[in-house]
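Trainee: Structure provided below as structure tokens; questions to follow.
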Number of protein chains: 4
Amino acid sequence: MARVVGERVKKGILERLNSGEVVIGDGSFVFTLEKRGYVKAGLWTPEASVEYPEAVRQLHMEYLRAGSNVMQTFTFFGGKDKLESKWKDVNEASCDLAREVAEKGNALVAGGISQTSLYKSHKNKLEIKEIFQQQLEIFTRKNVDFLIAEYFEYCEEAVWAVEVLKESGKPVATTMCIGPEGDMHNLTPGECAIRLVKAGASIVGVNCRFGPTISLATVKLMKEGLEASGLKAHLMVQSLGFHTPDCGKGGFVDLPQYPFGLEPRVATRWDIQKYAREAYNLGVRYIGGCCGFEPYHIRAIAEELAPERGFLPDASEKHDSWGSGLSMHTKPWVRARAQKEYWKNLLPASGRPYFPSLSKPDGLRMPEK
Amino acid sequence: MARVVGERVKKGILERLNSGEVVIGDGSFVFTLEKRGYVKAGLWTPEASVEYPEAVRQLHMEYLRAGSNVMQTFTFFGGKDKLESKWKDVNEASCDLAREVAEKGNALVAGGISQTSLYKSHKNKLEIKEIFQQQLEIFTRKNVDFLIAEYFEYCEEAVWAVEVLKESGKPVATTMCIGPEGDMHNLTPGECAIRLVKAGASIVGVNCRFGPTISLATVKLMKEGLEASGLKAHLMVQSLGFHTPDCGKGGFVDLPQYPFGLEPRVATRWDIQKYAREAYNLGVRYIGGCCGFEPYHIRAIAEELAPERGFLPDASEKHDSWGSGLSMHTKPWVRARAQKEYWKNLLPASGRPYFPSLSKPDGLRMPEK
Amino acid sequence: MARVVGERVKKGILERLNSGEVVIGDGSFVFTLEKRGYVKAGLWTPEASVEYPEAVRQLHMEYLRAGSNVMQTFTFFGGKDKLESKWKDVNEASCDLAREVAEKGNALVAGGISQTSLYKSHKNKLEIKEIFQQQLEIFTRKNVDFLIAEYFEYCEEAVWAVEVLKESGKPVATTMCIGPEGDMHNLTPGECAIRLVKAGASIVGVNCRFGPTISLATVKLMKEGLEASGLKAHLMVQSLGFHTPDCGKGGFVDLPQYPFGLEPRVATRWDIQKYAREAYNLGVRYIGGCCGFEPYHIRAIAEELAPERGFLPDASEKHDSWGSGLSMHTKPWVRARAQKEYWKNLLPASGRPYFPSLSKPDGLRMPEK
Amino acid sequence: MARVVGERVKKGILERLNSGEVVIGDGSFVFTLEKRGYVKAGLWTPEASVEYPEAVRQLHMEYLRAGSNVMQTFTFFGGKDKLESKWKDVNEASCDLAREVAEKGNALVAGGISQTSLYKSHKNKLEIKEIFQQQLEIFTRKNVDFLIAEYFEYCEEAVWAVEVLKESGKPVATTMCIGPEGDMHNLTPGECAIRLVKAGASIVGVNCRFGPTISLATVKLMKEGLEASGLKAHLMVQSLGFHTPDCGKGGFVDLPQYPFGLEPRVATRWDIQKYAREAYNLGVRYIGGCCGFEPYHIRAIAEELAPERGFLPDASEKHDSWGSGLSMHTKPWVRARAQKEYWKNLLPASGRPYFPSLSKPDGLRMPEK
């Protein structure tokens, strides 16, 4: 799987993970580009790769600079079921953009597919697999380095995705958008992980829908499931950049604030350093983010794990560790913030005293305590 | 002041304001580029225009697309006192980037200067004015459309800035980073406004340091001061994109969360629509944002005032008004969010039940209630 | 079990419950008398019956007036292990006070025992049973109407208590101070209920340690356990008058605020009406309160269930239903509060913006979300 | 003003204050007795002295035991305008109860009058003064030790009260239920204090409507007003036992939670120790409480000021200072709470994450920040 780049050879995803390296994923595309004006909330589709390639390229650049080792093609909700006639152009353009930026650094290109809109309505396996197949053909032609099937609510659909992707011979990672309560058919996270690995996934985990703490709790259950059944796989986590202690089984989509009022829940860089450390301690070695994860959150992962990895990301050129850059501030009380203990122990106020701190999710109500 | 652009003539800033048009400013540069990895917190200086011009250009593009009518040169803290030998290159590059993007739409270029690091230490008027003078020479050479002196804590230094800038013959806007308690010498907002207008500013107001509500309260005091003394000027507001009900005279800098834990305070797009409406009702016609204001916040101003202005910004192509794009969602409880009343009345939870909702500012303590 | 009182016969506890009546318990003694100055926090022992009988009598009177059908002897922590040489006088005085007040209304006297301080240290069954036996002798001599063994953390010790008490031939109720996670030996609530009923308890449930919502969740598990094993018993709940959504297995004792900073958690009367209704819907027919439950909370139970019971408590003489007494207020916005919908939907603010809304329990840490 | 009691002579209120003694007032009657079932919310009248004298006596006893040096007659809203034909019996019974308890300790009896329901409607001075006069006649006949005119929204009506009361020759204390914004005619607190002292009040201050912090801020303004005009008087404060940082000019009556949902705002004993210390430091020497102040809050005042006064109240027999009684607890993390620093720094959580921390007052809206 190693890849020749210019004069050097880039190690493949499994080579990296097998050797114990930490692989840093990228962060949010649809949410971040929505705030920049290039993606439509609700649809969350990736036409911007064709319409505004410079905006997509710039975001890739920021993640690369922040420390991402993976440029995921901007092909989320990129199947024909979502994009109709545009799907091919968009997938191709997204591959080209990801490759263009990946070549500027030590990053791999991952072709990404996600749940279809068809599973819930008819579960037609052939039709769904065809959509995945179409995207895979482009990924193969564009020679991506590995594949990610992500954002699956139903383990069964994710298994179908793995089955399609593994035919390429490229390594396959799969993440589900589930919490500790499991998939929408009530399979436990452990059982989901087992089925995905048996289907051929080399890397399994979760992405989206839940914040850092719950996402890690879910991955832990996956890990335990795999261990109990003697299966081996690499673990991956790409949580939301939002805190969601109050969400129910459906995750942040069911919070009344979704998607246009999530601001007070955005994680700080220190929250993400904690997340990175806990993921690492849990044995997760592919660590990234999903909606709400901005470039500085990715940088926070890279900075937290710099001791283990031996280097800082490029973007740390502009970021002194743990606020130490404040040591020159003119106000003494701001200078006093230039230390790790300060930021680690900070209790950041919401500035919103007229609002609650938790919500009851819509839809499936959370059991009240 | 009209400017010939290609075949059409762009109206100058005063022509627009004098005719009653709403002028939409831009949003955050240093904070936003810090999160993207290109600016260093604490320093907050604009070297990125030279080092990473594509990142600065992209941000300008996003604001233009979101509806900004002003491309402010990225020259904040751009004086020789801050940038030393780099100052000239940075100011020139920033002018070029602002012009390049402004020419793609109906935006003007504003050359921007800000408080120096010298005023607090020695108040040497000549030395300070020389710094402003140097930046002005570049703005003149690059032929910016008008000038903004912003982020002044001391009215006296702001007056010196206006005195320098007005020699150019270009219109001068001035904003102070003060709250209702006035400047650091205890001049009231009304008195500050009077002195600035007498010194030659055509547009006065506030920027930075305080959230939407407090910023508007301060502008109201400026307006009342001007009216009481029979002076006329256009009003301008560029508030933080953070809620700061608990800050003291020094503004958000004194909040314990500054600058790395402000996330829970970020305004929603609906908060900003409210801000835009209240600013408009107060008679403010130059409305933009400062730190924490992202492109979608600027779009929110443009969307709120679309009825008065008669058009939507380009970025609304990707944004249905008041969440109406959710009307196609598969979950009925998410579809129920596709309406103005829903988002207007939302009480967004912080997702942080272990944290408080307000902070006591450091430094000058807020009187406890 | 019927008891002749003056010329009328009072129905016994089981007659009442067997016929489907709702029995309303009393509320807090140690916590309430601590705030009135007669009980020492930390010790929580009932010497006041001897030292300040008028204070204890008055509290009994308030509960009777509020609607309580049970005057529980103030003998909590009243064993020889806690009270030493005073134990006999205190237990006797407490029986007399309870009886004196019970005779003034339609209330029964329940002799109460609670966990010993010995179980944790040595679990000497004989010694522990002797303590219970000693108290029982006084209860028998004073001819209480039934017996309550309450506040047990360990099912085994509660079973011993039931074994002792049932020898009296009087009906025995037993409540444990556990939550849904079960007892300190990790027996589930369902298993605890089964063992207690098998040991001879006619009424089982929970008291103390957890707020209304969690207490009811625990009783529900007990109910399900009994149903699954085909056992029958009456259900009883006497929750805290504090909200404890954030407590761990140990309940409110582990919250950092225990016991001197629980004020912000005190339930409103409307919270308790909701609790009474939910308890009733769950099939619980013995409904009272524990620490934090004041007379007006007991009245709230009686008022909520007045339609089912057919009468209001005496204290409702001074309380118009659902705030309707505000309809004559001089301020129109206070008059607007004179209705059920208002109070039912109220979101009562804490008035404490500098404080969090949840705590991490000490000791056994709650799993973070 | 000294009074012979048995064989000893009790010092009068002015003797005490003139000699620098701290006088501790009592706490809540109408609110506390409402929760005990004897007073009707909305009316807030004192018929209980006739109907349930033992309940009123018991509350007096608790305050005496907690350290109160004043037994205020339970005659709030006790004028003929409120009580009609019952007024005389109620006032007499209330005097007798206060005296009976006061004689058991070192407490004085204060006859209390409050604002009438007539002032707002017609301001008929003669009619209003007659109501005061009627109550005064009973106070004179019952030979109370001094007089308190309390809970006045309008300085003018308070002045009339003072004019009536001072004719008795007894010392007169007067408290208004106003905040820093002054009375309902917009007289400042300073101006109110001046007029009351000129009318003959020896002691002035505030009671009710506002929490500890705001009440002290108002007394401070009164003090400054008196000092500026060269007048001398003793200062008095009897704040709410609720936190009200968010109330407007009308105080807690305008908070949406008034009066049946104020629970989350109840002050802890530590909050009241802070209040007592701040009152003392401000020069206030008559320190008590109003609605929401329970006996343990009064004890907290007496304990905080024990070093200055040289003794503890009787009720401290059951209360070890600063939680030190927890040092014997079985759980080590509860033992760790047995110290002053712990309770002083506690951030008590509300246990209500679905609710806000502040409210917007009804009626006169608070200016939003």
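Each chain in the structure tokens gets a letter, A, B, ..., in the order shown, and its residues are numbered from 1; ligands are numbered from 1 in order too.
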Using only C-alpha atoms, which chain B residues lie at most 9 Å away from chain C, written as a list in words?

Mentor: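 That gives Arg352, Pro353, Tyr354, Phe355, Pro356, Ser357, Leu358, Ser359 and Lys360 of chain B for chain B.
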
Trainee: From stretch 28-264 of chain B, collect each residue whose DSSP state is alpha helix (DSSP H) and return the set as a PyMOL selection string.

Mentor: chain B and resi 30-36+48-51+53-66+80-83+87-102+125-141+155-166+189-199+212-228

Trainee: List the neighbours of B:Cys208 out to 10 Å using only C-alpha atoms; skip same-chain residues closer than 4 positions along the sequence, and give me the result as a list in words.

Mentor: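 The filter keeps Ser28, Glu150, Tyr151, Phe152, Thr175, Met176, Cys177, Ile178, Gly179, Pro212, Ser215, Val237, Gln238, Ser239, Leu240, Gly241, Phe242, Gly251, Phe252, Gly289, Cys290, Cys291 and Gly292 of chain B.
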
Trainee: Those same residues - N, CA and C atoms - I'd like them written as a short mmCIF file (atom, residue, chain, number, x, y, z; two decimals), in the first residue's frame.

Mentor:
data_model
loop_
_atom_site.label_atom_id
_atom_site.label_comp_id
_atom_site.auth_asym_id
_atom_site.auth_seq_id
_atom_site.Cartn_x
_atom_site.Cartn_y
_atom_site.Cartn_z
N SER B 28 -14.88 38.85 11.40
CA SER B 28 -13.62 38.61 12.09
C SER B 28 -12.50 38.21 11.14
N GLU B 150 -9.86 51.93 13.98
CA GLU B 150 -10.71 51.09 14.81
C GLU B 150 -9.96 50.57 16.03
N TYR B 151 -10.73 50.06 16.99
CA TYR B 151 -10.20 49.40 18.18
C TYR B 151 -9.36 50.36 19.03
N PHE B 152 -9.94 51.51 19.32
CA PHE B 152 -9.26 52.46 20.20
C PHE B 152 -9.89 52.45 21.58
N THR B 175 -14.04 53.70 14.99
CA THR B 175 -14.76 52.93 16.01
C THR B 175 -13.86 52.72 17.21
N MET B 176 -14.47 52.83 18.36
CA MET B 176 -13.74 52.59 19.61
C MET B 176 -14.16 51.23 20.18
N CYS B 177 -13.26 50.61 20.91
CA CYS B 177 -13.59 49.31 21.52
C CYS B 177 -14.01 49.54 22.97
N ILE B 178 -15.01 50.37 23.14
CA ILE B 178 -15.48 50.71 24.49
C ILE B 178 -16.92 50.26 24.70
N GLY B 179 -17.31 50.22 25.96
CA GLY B 179 -18.68 49.90 26.32
C GLY B 179 -19.37 51.13 26.87
N PRO B 212 -23.15 41.82 21.00
CA PRO B 212 -24.14 42.61 20.27
C PRO B 212 -24.93 43.57 21.14
N SER B 215 -22.78 46.41 22.69
CA SER B 215 -22.26 47.29 21.63
C SER B 215 -23.34 48.27 21.17
N VAL B 237 -21.51 49.94 13.71
CA VAL B 237 -21.32 48.98 14.80
C VAL B 237 -20.72 47.71 14.25
N GLN B 238 -19.66 47.23 14.92
CA GLN B 238 -19.06 45.94 14.54
C GLN B 238 -18.79 45.20 15.85
N SER B 239 -19.81 44.57 16.37
CA SER B 239 -19.70 43.93 17.69
C SER B 239 -18.97 42.60 17.60
N LEU B 240 -18.64 42.07 18.75
CA LEU B 240 -18.15 40.70 18.82
C LEU B 240 -19.25 39.74 18.36
N GLY B 241 -18.83 38.56 17.96
CA GLY B 241 -19.77 37.47 17.72
C GLY B 241 -19.97 36.62 18.96
N PHE B 242 -19.62 37.16 20.11
CA PHE B 242 -19.75 36.45 21.39
C PHE B 242 -20.73 37.20 22.30
N GLY B 251 -14.30 44.71 28.83
CA GLY B 251 -14.82 43.84 27.77
C GLY B 251 -14.30 42.42 27.86
N PHE B 252 -14.42 41.71 26.76
CA PHE B 252 -14.19 40.26 26.78
C PHE B 252 -12.76 39.85 27.11
N GLY B 289 -19.23 43.11 11.87
CA GLY B 289 -18.86 42.36 13.06
C GLY B 289 -17.38 42.42 13.32
N CYS B 290 -17.01 41.90 14.47
CA CYS B 290 -15.59 41.84 14.82
C CYS B 290 -15.28 40.41 15.27
N CYS B 291 -14.35 40.23 16.18
CA CYS B 291 -13.92 38.88 16.58
C CYS B 291 -15.11 37.96 16.85
N GLY B 292 -15.06 36.77 16.31
CA GLY B 292 -16.13 35.81 16.53
C GLY B 292 -17.20 35.84 15.46
#

Trainee: When DSSP works through the backbone of this structure, what residues of stretch 109-314 of chain D end up as strand (DSSP E), shown as a short mmCIF file (atom, residue, chain, number, x, y, z; two decimals) with N, CA and C atoms, in the first residue's frame?

Mentor:
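That gives us result-v8.cif:
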data_model
loop_
_atom_site.label_atom_id
_atom_site.label_comp_id
_atom_site.auth_asym_id
_atom_site.auth_seq_id
_atom_site.Cartn_x
_atom_site.Cartn_y
_atom_site.Cartn_z
N VAL D 109 -39.47 43.12 72.12
CA VAL D 109 -40.65 43.00 71.27
C VAL D 109 -40.79 44.26 70.43
N ALA D 110 -40.94 44.06 69.12
CA ALA D 110 -41.13 45.20 68.22
C ALA D 110 -42.52 45.11 67.61
N GLY D 111 -43.30 46.16 67.78
CA GLY D 111 -44.61 46.22 67.12
C GLY D 111 -44.41 46.62 65.68
N GLY D 112 -45.02 45.86 64.77
CA GLY D 112 -44.73 46.12 63.36
C GLY D 112 -45.94 46.53 62.54
N ILE D 113 -45.76 47.56 61.73
CA ILE D 113 -46.81 47.92 60.77
C ILE D 113 -46.18 47.92 59.38
N SER D 114 -47.03 47.91 58.38
CA SER D 114 -46.53 47.82 57.00
C SER D 114 -47.41 48.63 56.07
N PHE D 146 -40.22 48.55 71.08
CA PHE D 146 -40.02 49.58 70.05
C PHE D 146 -40.89 49.24 68.86
N LEU D 147 -40.78 50.09 67.83
CA LEU D 147 -41.72 49.96 66.71
C LEU D 147 -40.97 49.86 65.38
N ILE D 148 -41.54 49.09 64.49
CA ILE D 148 -40.96 48.97 63.15
C ILE D 148 -42.04 49.24 62.11
N ALA D 149 -41.77 50.19 61.23
CA ALA D 149 -42.62 50.40 60.05
C ALA D 149 -41.85 49.82 58.88
N GLU D 150 -42.41 48.78 58.26
CA GLU D 150 -41.62 48.06 57.25
C GLU D 150 -42.41 47.82 55.98
N TYR D 151 -41.65 47.48 54.94
CA TYR D 151 -42.22 47.08 53.65
C TYR D 151 -42.99 48.23 53.01
N PHE D 152 -42.35 49.37 52.91
CA PHE D 152 -42.96 50.51 52.23
C PHE D 152 -42.32 50.72 50.86
N VAL D 172 -38.35 54.27 66.89
CA VAL D 172 -38.97 53.85 65.63
C VAL D 172 -37.89 53.43 64.61
N ALA D 173 -38.07 52.23 64.09
CA ALA D 173 -37.22 51.77 62.97
C ALA D 173 -38.09 51.74 61.72
N THR D 174 -37.50 52.03 60.58
CA THR D 174 -38.28 52.01 59.33
C THR D 174 -37.47 51.36 58.22
N THR D 175 -38.11 50.44 57.54
CA THR D 175 -37.44 49.83 56.39
C THR D 175 -38.34 49.91 55.17
N MET D 176 -37.72 50.19 54.05
CA MET D 176 -38.47 50.24 52.80
C MET D 176 -38.13 48.98 51.98
N ILE D 203 -33.77 54.38 63.25
CA ILE D 203 -33.13 53.27 62.55
C ILE D 203 -33.76 53.22 61.17
N VAL D 204 -32.94 53.18 60.12
CA VAL D 204 -33.52 53.09 58.76
C VAL D 204 -32.80 52.01 57.95
N GLY D 205 -33.50 51.52 56.96
CA GLY D 205 -32.91 50.49 56.12
C GLY D 205 -33.90 49.92 55.16
N VAL D 206 -33.64 48.67 54.77
CA VAL D 206 -34.53 48.01 53.82
C VAL D 206 -34.91 46.63 54.32
N ASN D 207 -36.06 46.17 53.81
CA ASN D 207 -36.45 44.77 54.05
C ASN D 207 -37.13 44.23 52.80
N HIS D 234 -29.17 54.74 62.88
CA HIS D 234 -28.67 53.37 62.80
C HIS D 234 -29.17 52.73 61.52
N LEU D 235 -28.38 51.80 61.00
CA LEU D 235 -28.75 51.13 59.74
C LEU D 235 -29.26 49.72 60.03
N MET D 236 -30.19 49.29 59.20
CA MET D 236 -30.88 48.01 59.40
C MET D 236 -31.05 47.34 58.04
N VAL D 237 -30.90 46.02 58.02
CA VAL D 237 -31.15 45.30 56.77
C VAL D 237 -31.84 43.98 57.08
N GLN D 238 -32.90 43.69 56.35
CA GLN D 238 -33.59 42.41 56.48
C GLN D 238 -33.92 41.94 55.06
N SER D 239 -32.93 41.36 54.42
CA SER D 239 -33.09 40.99 53.00
C SER D 239 -33.90 39.72 52.86
N TYR D 286 -28.12 46.34 62.78
CA TYR D 286 -29.39 45.62 62.96
C TYR D 286 -29.53 44.75 61.71
N ILE D 287 -29.30 43.45 61.89
CA ILE D 287 -29.21 42.54 60.74
C ILE D 287 -30.18 41.39 60.93
N GLY D 288 -31.12 41.26 60.04
CA GLY D 288 -32.08 40.15 60.11
C GLY D 288 -32.45 39.72 58.71
N GLY D 289 -33.64 39.13 58.58
CA GLY D 289 -34.06 38.65 57.27
C GLY D 289 -35.53 38.85 57.04
#

Trainee: Using only C-alpha atoms, which residues sit within 9 Å of stretch 321-337 of chain B once same-chain residues fewer than 4 positions away are excluded, as a PyMOL selection string?

Mentor: (chain A and resi 40-43+253-254+256+258-260+362-363) or (chain B and resi 270+303+316+341-344)

Trainee: Excluding stretch 126-139 of chain A and any residue of its chain fewer than 6 positions from it, enumerate the residues within 10 Å of it, using only C-alpha atoms, and give them as an MDAnalysis selection string.

Mentor: chainID A and resid 73 75 78:81 87:89 91:92 94:95 109:119 145:147 149 157 160:168

Trainee: Please report the interatomic distance between atom CA of D:Asp271 and atom CA of D:Asn345 in Å with one decimal.

Mentor: 10.6 Å

Trainee: For a test of reading the model, state the distance in Å between atom CA of B:Leu108 and atom CA of B:Leu226, rounded to one decimal.

Mentor: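 About the pair atom CA of B:Leu108 and atom CA of B:Leu226: they are 26.5 Å apart.
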
Trainee: For the atom pair atom CA of D:Gly169 and atom CA of D:Lys142, what is the interatomic distance in Å to one decimal place?

Mentor: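 One can read the atom CA of D:Gly169 to atom CA of D:Lys142 distance as 14.3 Å.
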
Trainee: Considering only C-alpha atoms, return as a ChimeraX atom specification whatever protein or nucleic-acid residues lie within 10 Å of A:Leu231, sequence-local ones (same chain, fewer than 5 positions apart) excluded.

Mentor: /A:193-194,197-198,223,225-226

Trainee: Limited to all heavy atoms, could you put the picked residues into a file as an mmCIF file, in the first residue's frame?

Mentor:
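Result file follows (selection_32.cif):
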data_model
loop_
_atom_site.group_PDB
_atom_site.id
_atom_site.type_symbol
_atom_site.label_atom_id
_atom_site.label_comp_id
_atom_site.auth_asym_id
_atom_site.auth_seq_id
_atom_site.Cartn_x
_atom_site.Cartn_y
_atom_site.Cartn_z
ATOM 1 N N ALA A 193 -19.419 -3.876 15.442
ATOM 2 C CA ALA A 193 -17.986 -3.947 15.128
ATOM 3 C C ALA A 193 -17.629 -5.341 14.620
ATOM 4 O O ALA A 193 -16.880 -5.500 13.642
ATOM 5 C CB ALA A 193 -17.162 -3.588 16.364
ATOM 6 N N ILE A 194 -18.155 -6.332 15.279
ATOM 7 C CA ILE A 194 -17.861 -7.718 14.873
ATOM 8 C C ILE A 194 -18.296 -7.961 13.433
ATOM 9 O O ILE A 194 -17.538 -8.480 12.605
ATOM 10 C CB ILE A 194 -18.574 -8.694 15.840
ATOM 11 C CG1 ILE A 194 -17.885 -8.639 17.215
ATOM 12 C CG2 ILE A 194 -18.588 -10.107 15.282
ATOM 13 C CD1 ILE A 194 -18.670 -9.312 18.331
ATOM 14 N N VAL A 197 -16.038 -6.090 10.877
ATOM 15 C CA VAL A 197 -14.714 -6.695 10.711
ATOM 16 C C VAL A 197 -14.833 -8.009 9.937
ATOM 17 O O VAL A 197 -14.045 -8.285 9.024
ATOM 18 C CB VAL A 197 -14.042 -6.918 12.086
ATOM 19 C CG1 VAL A 197 -12.748 -7.726 11.944
ATOM 20 C CG2 VAL A 197 -13.749 -5.556 12.726
ATOM 21 N N LYS A 198 -15.837 -8.763 10.288
ATOM 22 C CA LYS A 198 -16.040 -10.017 9.542
ATOM 23 C C LYS A 198 -16.313 -9.734 8.061
ATOM 24 O O LYS A 198 -15.941 -10.514 7.190
ATOM 25 C CB LYS A 198 -17.192 -10.815 10.151
ATOM 26 C CG LYS A 198 -16.805 -11.476 11.473
ATOM 27 C CD LYS A 198 -17.896 -12.400 11.989
ATOM 28 C CE LYS A 198 -17.463 -13.119 13.267
ATOM 29 N NZ LYS A 198 -18.627 -13.744 13.959
ATOM 30 N N LYS A 223 -14.619 -1.980 20.970
ATOM 31 C CA LYS A 223 -13.360 -2.641 21.305
ATOM 32 C C LYS A 223 -13.620 -3.895 22.144
ATOM 33 O O LYS A 223 -13.070 -4.966 21.877
ATOM 34 C CB LYS A 223 -12.486 -1.660 22.089
ATOM 35 C CG LYS A 223 -11.135 -2.181 22.455
ATOM 36 C CD LYS A 223 -10.405 -1.215 23.408
ATOM 37 C CE LYS A 223 -9.043 -1.764 23.784
ATOM 38 N NZ LYS A 223 -8.402 -0.968 24.831
ATOM 39 N N GLY A 225 -16.321 -5.634 22.330
ATOM 40 C CA GLY A 225 -16.990 -6.647 21.515
ATOM 41 C C GLY A 225 -15.997 -7.425 20.670
ATOM 42 O O GLY A 225 -16.040 -8.666 20.590
ATOM 43 N N LEU A 226 -15.077 -6.692 20.061
ATOM 44 C CA LEU A 226 -14.073 -7.354 19.218
ATOM 45 C C LEU A 226 -13.191 -8.264 20.065
ATOM 46 O O LEU A 226 -12.907 -9.416 19.683
ATOM 47 C CB LEU A 226 -13.217 -6.307 18.493
ATOM 48 C CG LEU A 226 -13.950 -5.489 17.419
ATOM 49 C CD1 LEU A 226 -13.039 -4.385 16.879
ATOM 50 C CD2 LEU A 226 -14.408 -6.390 16.265
#

Trainee: Find the residue from B:Asp320, B:Glu62, B:Glu15, B:Glu54 that sits nearest to B:Gly27; use only C-alpha atoms when measuring.

Mentor: B:Glu62

Trainee: Identify, on the basis of only C-alpha atoms, every residue whose closest approach to D:Ala302 does not exceed 8 Å; exclude the query and any residue fewer than 3 positions from it along the same chain; express the result as a list in words.

Mentor: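 Neighbouring residues, sequence-local ones excluded: Ile24, Ala66, Gly67, Ile298, Arg299, Leu305, Ala306, Leu312 and Pro313 of chain D.
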
Trainee: Using only C-alpha atoms, can you tell me which of D:Ala279, D:Pro264, D:Val159, D:Met184 comes closest to D:Thr218?

Mentor: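 Smallest distance to D:Thr218 is found for D:Ala279.
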